[in-house]
>>> print(open('coords-v2.cif').read())   # mmCIF, C-alpha atoms
data_structure
loop_
_atom_site.label_atom_id
_atom_site.label_comp_id
_atom_site.auth_asym_id
_atom_site.auth_seq_id
_atom_site.Cartn_x
_atom_site.Cartn_y
_atom_site.Cartn_z
CA MET C 280 -11.95 -4.48 -24.28
CA ALA C 281 -9.87 -2.83 -21.56
CA THR C 282 -6.11 -2.49 -21.51
CA LEU C 283 -4.90 -4.42 -18.48
CA LEU C 284 -2.71 -2.33 -16.20
CA THR C 285 -0.62 -5.13 -14.73
CA GLY C 286 1.81 -4.55 -11.90
CA LYS C 287 4.88 -6.31 -13.29
CA PRO C 288 6.14 -3.49 -15.55
CA VAL C 289 5.87 -1.08 -12.61
CA VAL C 290 7.68 -3.53 -10.33
CA ASP C 291 10.45 -4.00 -12.90
CA ARG C 292 10.90 -0.23 -13.30
CA LEU C 293 11.06 0.32 -9.54
CA ALA C 294 13.66 -2.45 -9.24
CA GLN C 295 15.82 -0.76 -11.90
CA GLU C 296 15.53 2.59 -10.15
CA LEU C 297 16.37 1.12 -6.74
CA ALA C 298 19.40 -0.92 -7.85
CA PRO C 299 21.95 1.96 -8.03
CA ARG C 300 20.63 3.46 -4.79
CA ILE C 301 21.03 0.15 -2.96
CA GLU C 302 24.51 -0.21 -4.45
CA ALA C 303 25.46 3.26 -3.23
CA LEU C 304 24.25 2.39 0.26
CA GLY C 305 26.33 -0.77 0.14
CA LEU C 306 29.44 1.26 -0.68
CA ALA C 307 28.73 3.25 2.47
CA GLY C 308 28.50 0.03 4.48
CA ILE C 309 24.70 -0.02 4.76
CA VAL C 310 22.36 -2.83 3.79
CA PRO C 311 18.76 -1.56 3.77
CA ALA C 312 16.81 -3.64 6.25
CA LEU C 313 13.09 -4.16 6.80
CA ALA C 314 11.62 -5.55 10.02
CA ILE C 315 8.38 -7.52 9.82
CA VAL C 316 6.45 -7.71 13.09
CA ARG C 317 3.77 -10.40 13.03
CA MET C 318 1.47 -11.82 15.68
CA GLY C 319 0.12 -15.30 15.05
CA GLU C 320 -0.03 -17.37 11.88
CA ARG C 321 -2.81 -15.83 9.78
CA PRO C 322 -2.59 -17.31 6.25
CA ASP C 323 -2.80 -13.88 4.58
CA ASP C 324 -0.01 -12.54 6.80
CA LEU C 325 2.17 -15.55 6.02
CA SER C 326 1.53 -15.16 2.31
CA TYR C 327 2.42 -11.47 2.34
CA GLU C 328 5.51 -12.13 4.44
CA ARG C 329 6.76 -14.67 1.90
CA THR C 330 6.12 -12.22 -0.93
CA ALA C 331 7.92 -9.43 0.89
CA GLN C 332 10.89 -11.63 1.71
CA LYS C 333 11.20 -12.77 -1.88
CA ARG C 334 10.98 -9.22 -3.24
CA ALA C 335 13.48 -7.93 -0.70
CA GLU C 336 15.94 -10.73 -1.46
CA SER C 337 15.75 -9.98 -5.19
CA LEU C 338 16.67 -6.36 -4.50
CA GLY C 339 19.36 -6.88 -1.87
CA ILE C 340 17.27 -5.71 1.07
CA ALA C 341 17.57 -7.61 4.35
CA VAL C 342 14.45 -8.77 6.21
CA ARG C 343 14.20 -9.52 9.92
CA SER C 344 11.01 -11.14 11.17
CA PHE C 345 9.76 -10.63 14.71
CA VAL C 346 7.18 -13.37 15.17
CA LEU C 347 5.04 -13.27 18.31
CA PRO C 348 2.36 -15.69 19.53
CA GLU C 349 -1.17 -14.57 18.72
CA ASP C 350 -1.98 -14.41 22.44
CA ALA C 351 1.15 -12.45 23.38
CA PRO C 352 0.31 -9.53 25.70
CA GLN C 353 0.57 -5.89 24.73
CA GLU C 354 3.87 -5.51 26.59
CA VAL C 355 5.56 -8.14 24.43
CA LEU C 356 4.51 -6.43 21.22
CA GLU C 357 5.62 -3.07 22.59
CA ALA C 358 9.00 -4.55 23.50
CA ALA C 359 9.44 -5.84 19.95
CA LEU C 360 8.62 -2.42 18.52
CA ALA C 361 11.03 -0.78 20.96
CA GLU C 362 13.74 -3.18 19.78
CA VAL C 363 13.04 -2.22 16.16
CA ASN C 364 13.20 1.48 17.02
CA ALA C 365 16.50 1.09 18.89
CA ASP C 366 18.27 -1.00 16.23
CA ALA C 367 20.10 1.35 13.87
CA SER C 368 20.63 -1.47 11.36
CA ILE C 369 16.84 -1.67 10.80
CA HIS C 370 15.53 1.09 8.56
CA GLY C 371 11.88 0.21 8.01
CA CYS C 372 9.17 -1.74 9.77
CA LEU C 373 5.98 -3.47 8.66
CA LEU C 374 3.56 -4.17 11.49
CA PHE C 375 1.03 -6.68 10.20
CA ARG C 376 -2.55 -5.69 10.93
CA PRO C 377 -5.23 -6.25 12.02
CA LEU C 378 -3.74 -7.15 15.36
CA PRO C 379 -5.47 -9.58 17.74
CA VAL C 380 -8.50 -8.11 19.50
CA HIS C 381 -6.79 -7.91 22.91
CA ILE C 382 -4.12 -5.55 21.51
CA ASP C 383 -4.52 -1.77 21.56
CA GLU C 384 -3.67 -1.30 17.89
CA ALA C 385 -3.67 2.50 17.95
CA ARG C 386 -1.18 2.53 20.82
CA ALA C 387 1.03 -0.04 19.09
CA CYS C 388 1.13 1.98 15.87
CA GLU C 389 2.12 5.13 17.72
CA LEU C 390 5.08 3.38 19.35
CA LEU C 391 6.78 2.91 15.98
CA SER C 392 9.29 5.58 15.03
CA PRO C 393 7.91 7.61 12.08
CA GLU C 394 11.33 7.42 10.43
CA LYS C 395 10.90 3.63 10.22
CA ASP C 396 7.19 3.72 9.42
CA VAL C 397 7.41 2.62 5.78
CA ASP C 398 3.68 1.81 5.53
CA GLY C 399 2.21 5.04 6.87
CA ILE C 400 0.57 3.75 10.06
CA THR C 401 1.67 6.42 12.55
CA LEU C 402 -0.24 9.65 13.09
CA ALA C 403 2.88 11.62 12.16
CA SER C 404 3.12 9.88 8.78
CA LEU C 405 -0.59 10.30 8.06
CA ALA C 406 -0.45 13.96 9.09
CA SER C 407 2.28 14.49 6.51
CA VAL C 408 0.03 13.05 3.81
CA PHE C 409 -2.73 15.51 4.72
CA THR C 410 -0.44 18.53 5.20
CA ASP C 411 2.19 17.90 2.51
CA GLY C 412 4.74 17.34 5.26
CA ALA C 413 8.02 15.45 5.07
CA THR C 414 7.72 13.10 8.07
CA GLY C 415 7.51 9.38 7.43
CA PHE C 416 5.94 7.78 4.37
CA PRO C 417 2.42 7.47 2.95
CA PRO C 418 0.62 4.11 3.17
CA SER C 419 2.19 1.82 0.59
CA THR C 420 -1.06 0.86 -1.15
CA ALA C 421 -2.07 4.50 -1.59
CA ALA C 422 1.37 5.31 -2.99
CA ALA C 423 1.17 2.26 -5.27
CA CYS C 424 -1.96 3.70 -6.90
CA LEU C 425 -0.02 6.82 -7.91
CA GLU C 426 2.98 4.79 -9.05
CA LEU C 427 0.80 2.70 -11.35
CA LEU C 428 -1.11 5.67 -12.76
CA ASP C 429 2.14 7.51 -13.43
CA HIS C 430 3.77 4.49 -15.04
CA TYR C 431 0.94 4.08 -17.52
CA GLY C 432 0.74 7.79 -18.22
CA VAL C 433 -2.79 8.30 -16.94
CA PRO C 434 -3.43 12.06 -16.73
CA LEU C 435 -4.69 13.36 -13.39
CA GLU C 436 -4.57 17.15 -13.54
CA GLY C 437 -8.08 18.51 -13.84
CA LYS C 438 -9.57 15.01 -14.14
CA ARG C 439 -12.51 13.74 -12.12
CA VAL C 440 -11.43 10.94 -9.82
CA ALA C 441 -13.78 8.87 -7.70
CA VAL C 442 -12.22 7.12 -4.70
CA ALA C 443 -14.65 4.55 -3.36
CA GLY C 444 -13.54 3.66 0.16
CA ARG C 445 -12.65 5.86 3.14
CA SER C 446 -10.03 3.91 5.08
CA LEU C 447 -6.78 5.40 6.34
CA VAL C 448 -4.95 2.67 4.43
CA VAL C 449 -6.14 3.69 0.97
CA GLY C 450 -9.17 5.93 0.51
CA LYS C 451 -8.38 8.99 2.59
CA PRO C 452 -4.61 9.19 1.93
CA VAL C 453 -4.87 8.51 -1.81
CA SER C 454 -7.51 11.23 -2.06
CA MET C 455 -5.07 13.73 -0.57
CA MET C 456 -2.28 12.54 -2.84
CA LEU C 457 -4.52 12.93 -5.89
CA LEU C 458 -5.52 16.44 -4.83
CA ARG C 459 -1.82 17.28 -4.76
CA ARG C 460 -1.77 16.32 -8.44
CA ASN C 461 -4.64 18.76 -9.12
CA ALA C 462 -7.23 16.06 -9.68
CA THR C 463 -10.83 16.81 -8.73
CA VAL C 464 -11.52 14.10 -6.18
CA THR C 465 -14.82 12.70 -4.93
CA LEU C 466 -14.28 10.55 -1.85
CA CYS C 467 -17.25 8.23 -1.57
CA HIS C 468 -18.10 4.92 0.09
CA SER C 469 -20.54 2.03 0.25
CA ARG C 470 -23.26 4.23 1.78
CA THR C 471 -23.00 7.07 -0.73
CA GLU C 472 -26.36 7.77 -2.35
CA ASN C 473 -26.38 7.10 -6.08
CA LEU C 474 -22.88 5.67 -5.82
CA ALA C 475 -23.05 4.16 -9.31
CA GLU C 476 -23.82 7.57 -10.80
CA VAL C 477 -20.92 9.21 -8.95
CA VAL C 478 -18.47 6.53 -10.07
CA CYS C 479 -19.75 6.43 -13.63
CA ALA C 480 -19.28 10.19 -14.01
CA SER C 481 -15.58 9.98 -13.15
CA ASP C 482 -12.58 9.69 -15.46
CA VAL C 483 -10.50 7.63 -13.02
CA VAL C 484 -11.94 5.27 -10.41
CA ILE C 485 -10.18 3.72 -7.42
CA CYS C 486 -12.24 0.93 -5.86
CA ALA C 487 -11.21 0.22 -2.27
CA THR C 488 -14.27 -0.84 -0.28
CA GLY C 489 -13.14 -4.39 0.49
CA ARG C 490 -16.35 -5.92 -0.88
CA ALA C 491 -16.01 -8.70 -3.43
CA ARG C 492 -17.24 -7.73 -6.92
CA MET C 493 -19.27 -4.83 -5.54
CA PHE C 494 -18.74 -2.69 -8.64
CA GLY C 495 -20.71 -4.06 -11.58
CA ALA C 496 -21.49 -2.87 -15.08
CA GLU C 497 -23.72 0.01 -13.93
CA PHE C 498 -20.69 1.75 -12.38
CA PHE C 499 -18.68 2.05 -15.56
CA ARG C 500 -18.59 3.62 -19.01
CA PRO C 501 -16.12 3.81 -21.91
CA GLY C 502 -13.14 6.09 -21.39
CA GLN C 503 -12.50 5.27 -17.75
CA THR C 504 -9.36 4.04 -16.01
CA VAL C 505 -10.20 1.75 -13.08
CA LEU C 506 -7.88 0.69 -10.26
CA ASP C 507 -9.11 -2.27 -8.24
CA VAL C 508 -7.50 -2.26 -4.79
CA GLY C 509 -9.63 -5.08 -3.35
CA ILE C 510 -8.23 -8.44 -2.32
CA ASN C 511 -11.20 -10.68 -1.58
CA PHE C 512 -12.37 -14.25 -1.86
CA ASP C 513 -15.75 -15.09 -3.35
CA ALA C 514 -18.16 -17.78 -2.17
CA ASP C 515 -16.21 -20.40 -4.12
CA GLY C 516 -12.89 -19.38 -2.56
CA ASN C 517 -11.62 -17.65 -5.69
CA LEU C 518 -9.43 -14.56 -5.36
CA CYS C 519 -11.17 -11.48 -6.71
CA GLY C 520 -11.23 -7.71 -6.40
CA ASP C 521 -13.87 -5.14 -5.55
CA VAL C 522 -14.66 -4.80 -9.26
CA ASP C 523 -16.70 -7.35 -11.17
CA PHE C 524 -13.94 -7.88 -13.71
CA ASP C 525 -16.10 -9.67 -16.28
CA ALA C 526 -18.62 -6.82 -16.23
CA ALA C 527 -16.12 -3.94 -16.32
CA GLU C 528 -13.44 -5.26 -18.67
CA PRO C 529 -15.52 -5.05 -21.90
CA VAL C 530 -16.58 -1.47 -21.07
CA VAL C 531 -13.75 0.62 -19.59
CA ASP C 532 -10.55 1.73 -21.31
CA ALA C 533 -8.08 0.45 -18.70
CA LEU C 534 -8.34 -1.79 -15.64
CA THR C 535 -6.04 -3.38 -13.07
CA PRO C 536 -6.51 -7.14 -12.70
CA VAL C 537 -6.74 -9.05 -9.41
CA PRO C 538 -4.32 -10.70 -8.90
CA ARG C 539 -1.31 -9.32 -10.89
CA GLY C 540 -2.29 -5.72 -10.33
CA LEU C 541 -1.79 -3.28 -7.49
CA GLY C 542 -0.75 -5.85 -4.88
CA THR C 543 2.61 -6.48 -6.50
CA VAL C 544 3.27 -2.74 -6.77
CA THR C 545 2.42 -2.21 -3.10
CA THR C 546 5.18 -4.58 -2.03
CA SER C 547 7.71 -2.79 -4.23
CA VAL C 548 6.67 0.60 -2.86
CA THR C 549 7.33 -0.69 0.66
CA MET C 550 10.82 -1.68 -0.47
CA ALA C 551 11.34 1.76 -2.03
CA HIS C 552 10.30 3.39 1.24
CA THR C 553 12.77 1.18 3.11
CA VAL C 554 15.60 2.25 0.81
CA ALA C 555 14.62 5.91 1.27
CA ALA C 556 14.64 5.41 5.04
CA ALA C 557 18.12 3.89 4.84
CA GLU C 558 19.31 6.86 2.78
CA ALA C 559 17.86 9.27 5.33
CA ALA C 560 19.60 7.38 8.15
CA LEU C 561 22.90 7.61 6.25
CA ALA C 562 22.43 11.34 5.66
CA ALA C 563 21.69 11.89 9.35
CA ARG C 564 24.77 9.90 10.33
CA GLU C 565 27.03 11.84 7.98
CA GLY C 566 25.46 15.11 9.05
CA GLY C 567 26.29 14.34 12.64
CA ARG C 568 29.98 13.87 12.03
#
>>> encode(input="coords-v2.cif", output="structure tokens")
Amino acid sequence: MATLLTGKPVVDRLAQELAPRIEALGLAGIVPALAIVRMGERPDDLSYERTAQKRAESLGIAVRSFVLPEDAPQEVLEAALAEVNADASIHGCLLFRPLPVHIDEARACELLSPEKDVDGITLASLASVFTDGATGFPPSTAAACLELLDHYGVPLEGKRVAVAGRSLVVGKPVSMMLLRRNATVTLCHSRTENLAEVVCASDVVICATGRARMFGAEFFRPGQTVLDVGINFDADGNLCGDVDFDAAEPVVDALTPVPRGLGTVTTSVTMAHTVAAAEAALAAREGGR
């Protein structure tokens, strides 16, 4: 039976670490602030916005929502992003994606200032992940994987890690971040030949394909640590991950549940990035005196 790697202890630790930093910013007259830019009323966007607002409020981080109609033209979205960039009291920005089909998403992402890109969506931020640079922040979900592994003391140096999923949100950036920790990383995907063999041979597995319960018993063996990044709904409307939990849980050593796993950590990482952005803004202001 697997040890469940739940997100709450990680969230609680991050909150404790952030508290004195937020207090110090307050003494300097700064309240860390996160902008949320949303188009339309997608239920998953609304749910995440409520979660982010609640987490921010508990930490003392301000949230400003920029809500646009789903059919708003590109220029309106670009104006909202320009407003976020120009407002010195806003330190971080979450642009909810995917954007409506009539929006040039790549262009919109590039309009956001990397200094306020707390979810790693700009090319400058992503380049830093791949080159060990200092601009911007890595995608929050990728960073949350490392936070959770570190919290539970999962060794990475020299270990075989399979990352199943090649998106710029999780798969590619987390692979680079794991390489930085001296893990031996295999980046694979749904079309990898003998995928089950590749995954089964690994010590740590990160499942991020976005396919409900894709990873069954044949993918796993005793001794593994498995992170399930997926947020899916099955045919009955039940929330589930990419991993078939009932098949994996009796076999592997450790496993993140869905829900109560990585999703909660991702939100806290976004808040941590926002605080770091506020600290950087303060340092730049004081340096300019």
>>> closest_residue(input="coords-v2.cif", among="C:Ala351, C:Cys424, C:Met318, C:Val544", to="Phe375 in chain C", atoms="all atoms listed in the file")
C:Met318
>>> axis_aligned_box(input="coords-v2.cif", around="range 511-528 of chain C", padding_each_side="3 Å", output="JSON")
{"center_x": -14.0, "center_y": -12.2, "center_z": -10.1, "size_x": 15.2, "size_y": 22.5, "size_z": 23.1}
>>> resolve_selection(input="coords-v2.cif", expression="the PyMOL selection byres ((chain C and resi 450) around 10)", output="VMD selection string")
chain C and resid 420 to 421 441 to 449 451 to 455 466 to 468 485 to 488 508
>>> residues_near_point(input="coords-v2.cif", point="(-15.8, -1.8, -4.6)", cutoff="8 Å", atoms="only C-alpha atoms", output="VMD selection string")
chain C and resid 443 to 444 469 486 to 494 507 509 520 to 522
>>> resolve_selection(input="coords-v2.cif", expression="the PyMOL selection byres ((chain C and resi 537) around 8)", output="PyMOL selection string")
chain C and resi 507+509-510+518-520+535-536+538-541
>>> write_last_selection(input="coords-v2.cif", atoms="C-alpha atoms", output="CSV table (one decimal), in the frame of the given file")
chain,number,residue,atom,x,y,z
C,507,ASP,CA,-9.1,-2.3,-8.2
C,509,GLY,CA,-9.6,-5.1,-3.4
C,510,ILE,CA,-8.2,-8.4,-2.3
C,518,LEU,CA,-9.4,-14.6,-5.4
C,519,CYS,CA,-11.2,-11.5,-6.7
C,520,GLY,CA,-11.2,-7.7,-6.4
C,535,THR,CA,-6.0,-3.4,-13.1
C,536,PRO,CA,-6.5,-7.1,-12.7
C,538,PRO,CA,-4.3,-10.7,-8.9
C,539,ARG,CA,-1.3,-9.3,-10.9
C,540,GLY,CA,-2.3,-5.7,-10.3
C,541,LEU,CA,-1.8,-3.3,-7.5
>>> closest_residue(input="coords-v2.cif", among="C:Pro418, C:Ala312, C:Ala413, C:Val346", to="Ser368 in chain C", atoms="all atoms listed in the file")
C:Ala312
>>> closest_atom_pairs(input="coords-v2.cif", of="range 509-556 of chain C", to="range 393-409 of chain C", cutoff="7 Å", atoms="only C-alpha atoms", output="CSV")
residue,atom,partner,partner_atom,distance
C:Thr549,CA,C:Val397,CA,6.1
C:His552,CA,C:Val397,CA,5.4
C:Thr553,CA,C:Val397,CA,6.2
C:Ala556,CA,C:Lys395,CA,6.6
>>> atom_distance(input="coords-v2.cif", atom1="CA of Val531 in chain C", atom2="CA of Leu435 in chain C")
16.8 Å
>>> atom_distance(input="coords-v2.cif", atom1="CA of Glu328 in chain C", atom2="CA of Ile309 in chain C")
22.7 Å
>>> atom_distance(input="coords-v2.cif", atom1="CA of Leu506 in chain C", atom2="CA of Asp532 in chain C")
11.4 Å
>>> decode(input="coords-v2.cif", residues="range 435-448 of chain C", atoms="N, CA, C and O atoms", output="short mmCIF file (atom, residue, chain, number, x, y, z; two decimals), in the first residue's frame")
data_model
loop_
_atom_site.label_atom_id
_atom_site.label_comp_id
_atom_site.auth_asym_id
_atom_site.auth_seq_id
_atom_site.Cartn_x
_atom_site.Cartn_y
_atom_site.Cartn_z
N LEU C 435 16.70 12.46 -5.76
CA LEU C 435 16.67 12.63 -7.21
C LEU C 435 18.03 12.41 -7.86
O LEU C 435 18.10 11.93 -9.00
N GLU C 436 19.10 12.76 -7.16
CA GLU C 436 20.42 12.66 -7.77
C GLU C 436 20.74 11.22 -8.18
O GLU C 436 20.68 10.29 -7.37
N GLY C 437 21.04 11.07 -9.46
CA GLY C 437 21.39 9.76 -9.99
C GLY C 437 20.22 8.83 -10.23
O GLY C 437 20.39 7.73 -10.76
N LYS C 438 18.99 9.24 -9.86
CA LYS C 438 17.82 8.39 -10.01
C LYS C 438 17.25 8.48 -11.42
O LYS C 438 17.39 9.48 -12.11
N ARG C 439 16.59 7.42 -11.83
CA ARG C 439 15.92 7.39 -13.12
C ARG C 439 14.52 7.96 -12.96
O ARG C 439 13.73 7.45 -12.15
N VAL C 440 14.24 8.99 -13.72
CA VAL C 440 12.94 9.66 -13.65
C VAL C 440 12.27 9.63 -15.02
O VAL C 440 12.88 10.07 -16.00
N ALA C 441 11.07 9.13 -15.08
CA ALA C 441 10.30 9.17 -16.31
C ALA C 441 9.27 10.29 -16.22
O ALA C 441 8.49 10.35 -15.26
N VAL C 442 9.30 11.19 -17.18
CA VAL C 442 8.31 12.26 -17.27
C VAL C 442 7.44 11.94 -18.48
O VAL C 442 7.91 11.98 -19.62
N ALA C 443 6.21 11.59 -18.23
CA ALA C 443 5.29 11.22 -19.30
C ALA C 443 4.40 12.41 -19.62
O ALA C 443 3.48 12.73 -18.88
N GLY C 444 4.70 13.08 -20.73
CA GLY C 444 4.00 14.30 -21.11
C GLY C 444 5.02 15.33 -21.54
O GLY C 444 6.04 15.51 -20.86
N ARG C 445 4.78 16.01 -22.66
CA ARG C 445 5.81 16.88 -23.24
C ARG C 445 5.34 18.33 -23.40
O ARG C 445 5.83 19.05 -24.26
N SER C 446 4.40 18.76 -22.59
CA SER C 446 3.90 20.13 -22.70
C SER C 446 4.91 21.11 -22.13
O SER C 446 5.81 20.76 -21.36
N LEU C 447 4.74 22.39 -22.50
CA LEU C 447 5.55 23.45 -21.92
C LEU C 447 5.06 23.87 -20.55
O LEU C 447 5.71 24.66 -19.87
N VAL C 448 3.92 23.34 -20.13
CA VAL C 448 3.38 23.65 -18.81
C VAL C 448 4.02 22.75 -17.75
O VAL C 448 4.32 23.20 -16.64
#
